[in-house]
Amino acid sequence: MTDLTSMASQKLASRESDSVTLIEKATGRHIVLPVLEGTAGAKTIDVRNLYRELGYFTFDPGFMSTASCESKITFIDGGKGLLKYRGYPIEQLALHSTYPEVCYLLLYGDLPTAEQLDSFNGSIKNHALLNEAMRVFYRGFRHDAHAMAIMVAAVGALASFYPEALNVHDPRDREISAHRLIAKMPTLAAWSYTYSVGRPFVYPRNDLDYTANFLHMMYGRPDKDFIANETFVRAMDLILILHADHEQNASTSTVRLTGSSLASPFAALSAGIGTLWGPAHGGANESVIRMLEDILASGRDLRHYINRAKDKNDRFRLMGFGHRVYKNYDPRAKIIREMCHKILAELGADNPNQPLLDVAMELERIVLEDDYFVQRKLYPNVDYYSGIIFRAMGIPANMFTVIFALARTVGWLAHWMEMMSEPQSRISRPRQLYTGVEHREYVSIDKR
């Protein structure tokens with residue numbers, strides 16, 4: 001495998017390409033701020049000396065105009081609809097790669113040779129089992145606990161079994177922790193599902209590949225072999241690839257923020273899972289299904305909901321359309337759309353979810369032909385199609401975000417490992433614009 005210590009010694013890729021001068025009108029004081037230019041994307045003004053020299057902070061709610069770090073992992077151009085992992089277009093990886101191969105790419109920076117991939121897969125399979133004490137841990141939850149609540153707790157609990165993971169400055173210990181998390185996440189995810197439906201826990205099998213093993217643990221039984229549908233396995237693998245990383249989103253930033261305190265990687269990923277759980281982040285595909293269920297239950301014509309979505313005075317929104325980053329067609333949606341239609345065609349009319357899926361496909365057709373949505377680039381996104389695929393495969397809605405977390409695990413780890421290998425890495429400490437009371441004198445309670 002790639003030597004992680006060599007990655008740590010790589011020089012930063014950004015370079016100073018220009019500068020901007022900021023002048024304080026009242027005093028004439030000024031500061032020259034370097035403009036950094038990466039290999040792709042917008043130029044970035046380096047404001048690190050702004051407070052030290054002029055006493056100013058920058059104000060950027062939501063960090064929409066702030067680069068919080070330098071990274072070599074993932075690049076997004078929302079205007080052009082581009083997504084690349086380590087320079088490789090997502091379209092090529094989705095067509096030719098498997099999820100474990102993409103994991104290796106994100107972690108180590110290069111696509112593996114056959115020998116490297118075989119070694120990596122062997123390591124992942126070796127770490128897939130959970131400590132038996134985790135069986136008891138799961139039984140402490142209510143039977144109807146949300147699967148994401150279980151995942152937040154279970155991933156954090158893993159830290160108690162691997163105290164060496166706290167040695168975050170050792171590249172080898174970081175690598176082992178990464179392999180453990182990638183290996184154990186499918187087991188944790190599958191067990192959160194089987195526990196919720198009262199079925200026995202199923203152990204991983206070394207003769208199955210990563211994705212088939214996950215479906216085996218979700219749907220298998222100790223008394224009966226489970227053979228996964230090949231189309232379902234490929235669809236799940238594709239979903240994992242498409243969700244493996246997405247640059248500095250909320251959950252990835254959370255993992256970096258938590259990791260910057262030198263916390264255990266298990267703690268950092270637990271924090272990331274908690275952020276992903278939010279409906280504004282990882283819960284979008286679950287919201288898509290709820291919307292489709294409401295539409296189906298209402299019995300109303302789809303045009304009623306299309307008109308509501310166009311009404312600026314109506315709070316109703318079509319879930320699964322448009323994207324905060326992509327101002328063009330989500331490249332992941334283009335890829336997964338074909339798989340979505342393939343699964344629906346294979347299942348046929350006997351699928352119990354067919355009425356819901358019929359509504360989904362008709363809504364897609366109307367939106368793609370409606371000038372209102374086309375002009376605003378409100379195309380179906382990856383959450384729309386992944387939600388439909390999950391429902392077609394019989395996966396319950398409360399597992400949608402869990403599978404998202406399973407997929408994103410490697411992205412979180414790649415960013416955590418990149419951050420920990422940087423010599424200039426320091427604890428994150430955002431600033432604020434204080435607007436509270438400037439000063440008060442304490443008044444004793446008898447005089448208030």
# chains A, B, ... in the order shown; residues from 1 in each chain; ligands from 1
call {"tool": "residues_around", "arguments": {"residues": "A:Thr187", "least_positions_apart": "6", "cutoff": "12 Å", "atoms": "only C-alpha atoms", "output": "JSON list (two decimals) with C-alpha atoms, in the first residue's frame"}}
result
[["chain", "number", "residue", "atom", "x", "y", "z"],
["A", 124, "ILE", "CA", -11.08, -4.74, 5.43],
["A", 125, "LYS", "CA", -12.47, -8.27, 5.68],
["A", 127, "HIS", "CA", -11.60, -6.06, 10.57],
["A", 128, "ALA", "CA", -15.29, -6.55, 9.72],
["A", 129, "LEU", "CA", -16.27, -8.39, 12.94],
["A", 130, "LEU", "CA", -17.45, -6.42, 15.96],
["A", 131, "ASN", "CA", -16.42, -7.14, 19.53],
["A", 134, "MET", "CA", -21.42, -4.72, 21.04],
["A", 135, "ARG", "CA", -24.30, -7.21, 20.91],
["A", 151, "MET", "CA", -25.10, 4.65, 14.69],
["A", 154, "ALA", "CA", -22.22, 2.70, 18.30],
["A", 155, "VAL", "CA", -19.42, 4.39, 16.34],
["A", 180, "ARG", "CA", -11.40, -0.65, 11.07],
["A", 181, "LEU", "CA", -14.06, 1.99, 10.52],
["A", 193, "TYR", "CA", -31.62, -2.51, 11.00],
["A", 194, "THR", "CA", -31.95, -6.13, 12.17],
["A", 195, "TYR", "CA", -32.25, -4.96, 15.77],
["A", 201, "PHE", "CA", -27.65, -10.33, 14.21],
["A", 202, "VAL", "CA", -25.91, -11.79, 11.17],
["A", 203, "TYR", "CA", -22.10, -11.92, 11.02],
["A", 204, "PRO", "CA", -20.03, -10.80, 8.02],
["A", 205, "ARG", "CA", -18.74, -13.38, 5.57],
["A", 210, "TYR", "CA", -18.07, -5.43, 0.51],
["A", 211, "THR", "CA", -21.51, -4.50, -0.80],
["A", 212, "ALA", "CA", -22.93, -8.01, -1.06],
["A", 213, "ASN", "CA", -21.75, -8.62, 2.51],
["A", 214, "PHE", "CA", -23.70, -5.59, 3.72],
["A", 215, "LEU", "CA", -26.91, -6.80, 2.08],
["A", 216, "HIS", "CA", -26.24, -10.29, 3.48],
["A", 217, "MET", "CA", -26.03, -8.88, 7.02],
["A", 218, "MET", "CA", -29.17, -6.79, 6.49],
["A", 402, "VAL", "CA", -27.52, 5.18, 7.67],
["A", 403, "ILE", "CA", -26.48, 3.95, 4.22],
["A", 406, "LEU", "CA", -21.80, 4.04, 5.44]]
call {"tool": "closest_atom_pairs", "arguments": {"of": "stretch 363-430 of chain A", "to": "stretch 241-250 of chain A", "cutoff": "6 Å", "atoms": "only C-alpha atoms", "output": "CSV"}}
result
residue,atom,partner,partner_atom,distance
A:Ala407,CA,A:Ala244,CA,4.9
A:Arg408,CA,A:Ala244,CA,4.4
A:Gly411,CA,A:Asp245,CA,4.5
call {"tool": "atom_distance", "arguments": {"atom1": "atom CA of A:Val197", "atom2": "atom CA of A:Val288"}}
result
23.0 Å
call {"tool": "select_by_dssp", "arguments": {"residues": "stretch 44-234 of chain A", "states": "strand (DSSP E)", "output": "ChimeraX atom specification"}}
result
/A:44-45,74-77,82-85,88-89
call {"tool": "write_last_selection", "arguments": {"atoms": "all heavy atoms", "output": "compact mmCIF listing (two decimals), in the first residue's frame"}}
result
# COMPACT_ATOMS: atom_id res chain seq x y z
N THR A 44 -8.48 32.20 -4.00
CA THR A 44 -8.81 32.36 -2.58
C THR A 44 -7.93 33.41 -1.94
O THR A 44 -6.71 33.37 -2.06
CB THR A 44 -8.62 31.01 -1.84
OG1 THR A 44 -9.43 30.01 -2.47
CG2 THR A 44 -9.02 31.13 -0.38
N ILE A 45 -8.58 34.37 -1.26
CA ILE A 45 -7.84 35.41 -0.56
C ILE A 45 -7.41 34.90 0.81
O ILE A 45 -8.23 34.42 1.60
CB ILE A 45 -8.70 36.68 -0.39
CG1 ILE A 45 -9.12 37.22 -1.76
CG2 ILE A 45 -7.94 37.75 0.39
CD1 ILE A 45 -10.11 38.38 -1.69
N THR A 74 -11.19 15.95 -3.14
CA THR A 74 -12.37 16.04 -4.02
C THR A 74 -12.53 17.45 -4.56
O THR A 74 -12.32 18.43 -3.84
CB THR A 74 -13.64 15.63 -3.25
OG1 THR A 74 -13.51 14.26 -2.85
CG2 THR A 74 -14.89 15.76 -4.11
N PHE A 75 -12.94 17.54 -5.82
CA PHE A 75 -13.19 18.84 -6.45
C PHE A 75 -14.59 18.87 -7.05
O PHE A 75 -15.00 17.93 -7.72
CB PHE A 75 -12.16 19.14 -7.54
CG PHE A 75 -12.46 20.40 -8.30
CD1 PHE A 75 -12.30 21.64 -7.69
CD2 PHE A 75 -12.92 20.36 -9.61
CE1 PHE A 75 -12.60 22.81 -8.39
CE2 PHE A 75 -13.22 21.52 -10.30
CZ PHE A 75 -13.05 22.75 -9.69
N ILE A 76 -15.30 19.96 -6.78
CA ILE A 76 -16.64 20.17 -7.31
C ILE A 76 -16.68 21.49 -8.05
O ILE A 76 -16.21 22.51 -7.54
CB ILE A 76 -17.70 20.20 -6.18
CG1 ILE A 76 -17.74 18.86 -5.44
CG2 ILE A 76 -19.09 20.52 -6.74
CD1 ILE A 76 -18.60 18.89 -4.19
N ASP A 77 -17.22 21.50 -9.24
CA ASP A 77 -17.56 22.73 -9.96
C ASP A 77 -19.06 22.70 -10.16
O ASP A 77 -19.56 22.05 -11.09
CB ASP A 77 -16.83 22.81 -11.30
CG ASP A 77 -17.01 24.17 -11.99
OD1 ASP A 77 -18.11 24.75 -11.87
OD2 ASP A 77 -16.06 24.64 -12.64
N LEU A 82 -19.54 19.31 -12.27
CA LEU A 82 -18.40 18.41 -12.22
C LEU A 82 -18.17 17.91 -10.80
O LEU A 82 -18.27 18.66 -9.83
CB LEU A 82 -17.13 19.12 -12.70
CG LEU A 82 -17.07 19.58 -14.16
CD1 LEU A 82 -15.75 20.31 -14.41
CD2 LEU A 82 -17.22 18.40 -15.10
N LEU A 83 -17.83 16.64 -10.68
CA LEU A 83 -17.42 16.05 -9.41
C LEU A 83 -16.27 15.10 -9.71
O LEU A 83 -16.39 14.21 -10.56
CB LEU A 83 -18.58 15.28 -8.76
CG LEU A 83 -18.23 14.42 -7.54
CD1 LEU A 83 -17.69 15.29 -6.40
CD2 LEU A 83 -19.45 13.63 -7.07
N LYS A 84 -15.13 15.31 -9.04
CA LYS A 84 -13.95 14.48 -9.26
C LYS A 84 -13.38 14.02 -7.92
O LYS A 84 -13.26 14.81 -6.99
CB LYS A 84 -12.87 15.24 -10.04
CG LYS A 84 -13.29 15.65 -11.45
CD LYS A 84 -12.16 16.40 -12.16
CE LYS A 84 -12.57 16.80 -13.57
NZ LYS A 84 -11.46 17.50 -14.29
N TYR A 85 -13.02 12.74 -7.86
CA TYR A 85 -12.28 12.20 -6.72
C TYR A 85 -10.82 12.07 -7.13
O TYR A 85 -10.50 11.33 -8.07
CB TYR A 85 -12.79 10.80 -6.33
CG TYR A 85 -14.20 10.70 -5.82
CD1 TYR A 85 -14.85 9.47 -5.76
CD2 TYR A 85 -14.91 11.82 -5.38
CE1 TYR A 85 -16.14 9.33 -5.27
CE2 TYR A 85 -16.21 11.71 -4.90
CZ TYR A 85 -16.82 10.46 -4.84
OH TYR A 85 -18.10 10.34 -4.37
N TYR A 88 -10.17 12.13 -10.77
CA TYR A 88 -10.92 11.24 -11.65
C TYR A 88 -12.40 11.66 -11.72
O TYR A 88 -13.04 11.79 -10.66
CB TYR A 88 -10.85 9.79 -11.16
CG TYR A 88 -9.49 9.16 -11.30
CD1 TYR A 88 -8.61 9.12 -10.21
CD2 TYR A 88 -9.07 8.59 -12.50
CE1 TYR A 88 -7.35 8.53 -10.33
CE2 TYR A 88 -7.82 8.01 -12.62
CZ TYR A 88 -6.96 7.99 -11.54
OH TYR A 88 -5.72 7.41 -11.65
N PRO A 89 -12.96 11.87 -12.90
CA PRO A 89 -14.38 12.21 -13.01
C PRO A 89 -15.25 11.12 -12.40
O PRO A 89 -14.97 9.92 -12.58
CB PRO A 89 -14.61 12.33 -14.51
CG PRO A 89 -13.26 12.60 -15.09
CD PRO A 89 -12.29 11.86 -14.22
call {"tool": "residues_around", "arguments": {"residues": "A:Pro352", "least_positions_apart": "6", "cutoff": "12 Å", "atoms": "only C-alpha atoms", "output": "compact mmCIF listing (two decimals) with all heavy atoms, in the first residue's frame"}}
result
# COMPACT_ATOMS: atom_id res chain seq x y z
N LEU A 344 -36.44 -0.50 -11.64
CA LEU A 344 -37.90 -0.46 -11.72
C LEU A 344 -38.39 -1.38 -12.84
O LEU A 344 -39.42 -2.05 -12.70
CB LEU A 344 -38.37 0.97 -11.96
CG LEU A 344 -38.06 1.97 -10.84
CD1 LEU A 344 -38.71 3.32 -11.13
CD2 LEU A 344 -38.52 1.45 -9.49
N ASP A 358 -44.52 4.74 -9.51
CA ASP A 358 -45.18 5.34 -10.67
C ASP A 358 -45.33 6.84 -10.50
O ASP A 358 -45.10 7.62 -11.43
CB ASP A 358 -46.55 4.71 -10.89
CG ASP A 358 -46.46 3.27 -11.42
OD1 ASP A 358 -45.40 2.91 -11.95
OD2 ASP A 358 -47.46 2.53 -11.29
N ARG A 391 -36.38 2.45 -1.76
CA ARG A 391 -37.75 2.01 -1.56
C ARG A 391 -38.04 0.79 -2.45
O ARG A 391 -38.69 -0.16 -2.01
CB ARG A 391 -38.72 3.14 -1.87
CG ARG A 391 -40.21 2.74 -1.81
CD ARG A 391 -40.57 1.98 -0.54
NE ARG A 391 -40.37 2.74 0.66
CZ ARG A 391 -41.33 3.46 1.23
NH1 ARG A 391 -42.53 3.52 0.72
NH2 ARG A 391 -41.07 4.12 2.34
N ALA A 392 -37.56 0.80 -3.70
CA ALA A 392 -37.77 -0.34 -4.59
C ALA A 392 -37.11 -1.60 -4.05
O ALA A 392 -37.61 -2.71 -4.23
CB ALA A 392 -37.24 -0.01 -5.98
N MET A 393 -35.99 -1.44 -3.34
CA MET A 393 -35.27 -2.58 -2.78
C MET A 393 -35.85 -3.02 -1.44
O MET A 393 -35.35 -3.98 -0.83
CB MET A 393 -33.79 -2.22 -2.62
CG MET A 393 -33.05 -2.04 -3.93
SD MET A 393 -31.37 -1.38 -3.73
CE MET A 393 -30.57 -2.70 -2.80
N GLY A 394 -36.86 -2.31 -0.95
CA GLY A 394 -37.49 -2.67 0.30
C GLY A 394 -36.77 -2.17 1.52
O GLY A 394 -37.00 -2.65 2.64
call {"tool": "select_by_dssp", "arguments": {"residues": "stretch 200-290 of chain A", "states": "helix (DSSP H, G or I)", "output": "PyMOL selection string"}}
result
chain A and resi 210-219+230-242+250-259+265-276+284-290
call {"tool": "closest_residue", "arguments": {"among": "A:Thr275, A:Thr27, A:Asn229, A:Ser253", "to": "A:Leu54", "atoms": "only C-alpha atoms"}}
result
A:Thr27
call {"tool": "closest_residue", "arguments": {"among": "A:Glu37, A:Glu441, A:Glu115, A:Glu53", "to": "A:Ile23", "atoms": "only C-alpha atoms"}}
result
A:Glu53
call {"tool": "residues_around", "arguments": {"residues": "A:Trp277", "least_positions_apart": "3", "cutoff": "7 Å", "atoms": "only C-alpha atoms", "output": "PyMOL selection string"}}
result
chain A and resi 148+273-274+282-283+401
call {"tool": "closest_residue", "arguments": {"among": "A:Ala157, A:Ala414, A:Leu106, A:Met319", "to": "A:Asn285", "atoms": "only C-alpha atoms"}}
result
A:Met319
call {"tool": "atom_distance", "arguments": {"atom1": "atom CA of A:Glu418", "atom2": "atom CA of A:Ser270"}}
result
18.2 Å
call {"tool": "closest_residue", "arguments": {"among": "A:Leu356, A:Ser19, A:Leu208, A:Tyr379", "to": "A:Arg337", "atoms": "only C-alpha atoms"}}
result
A:Tyr379
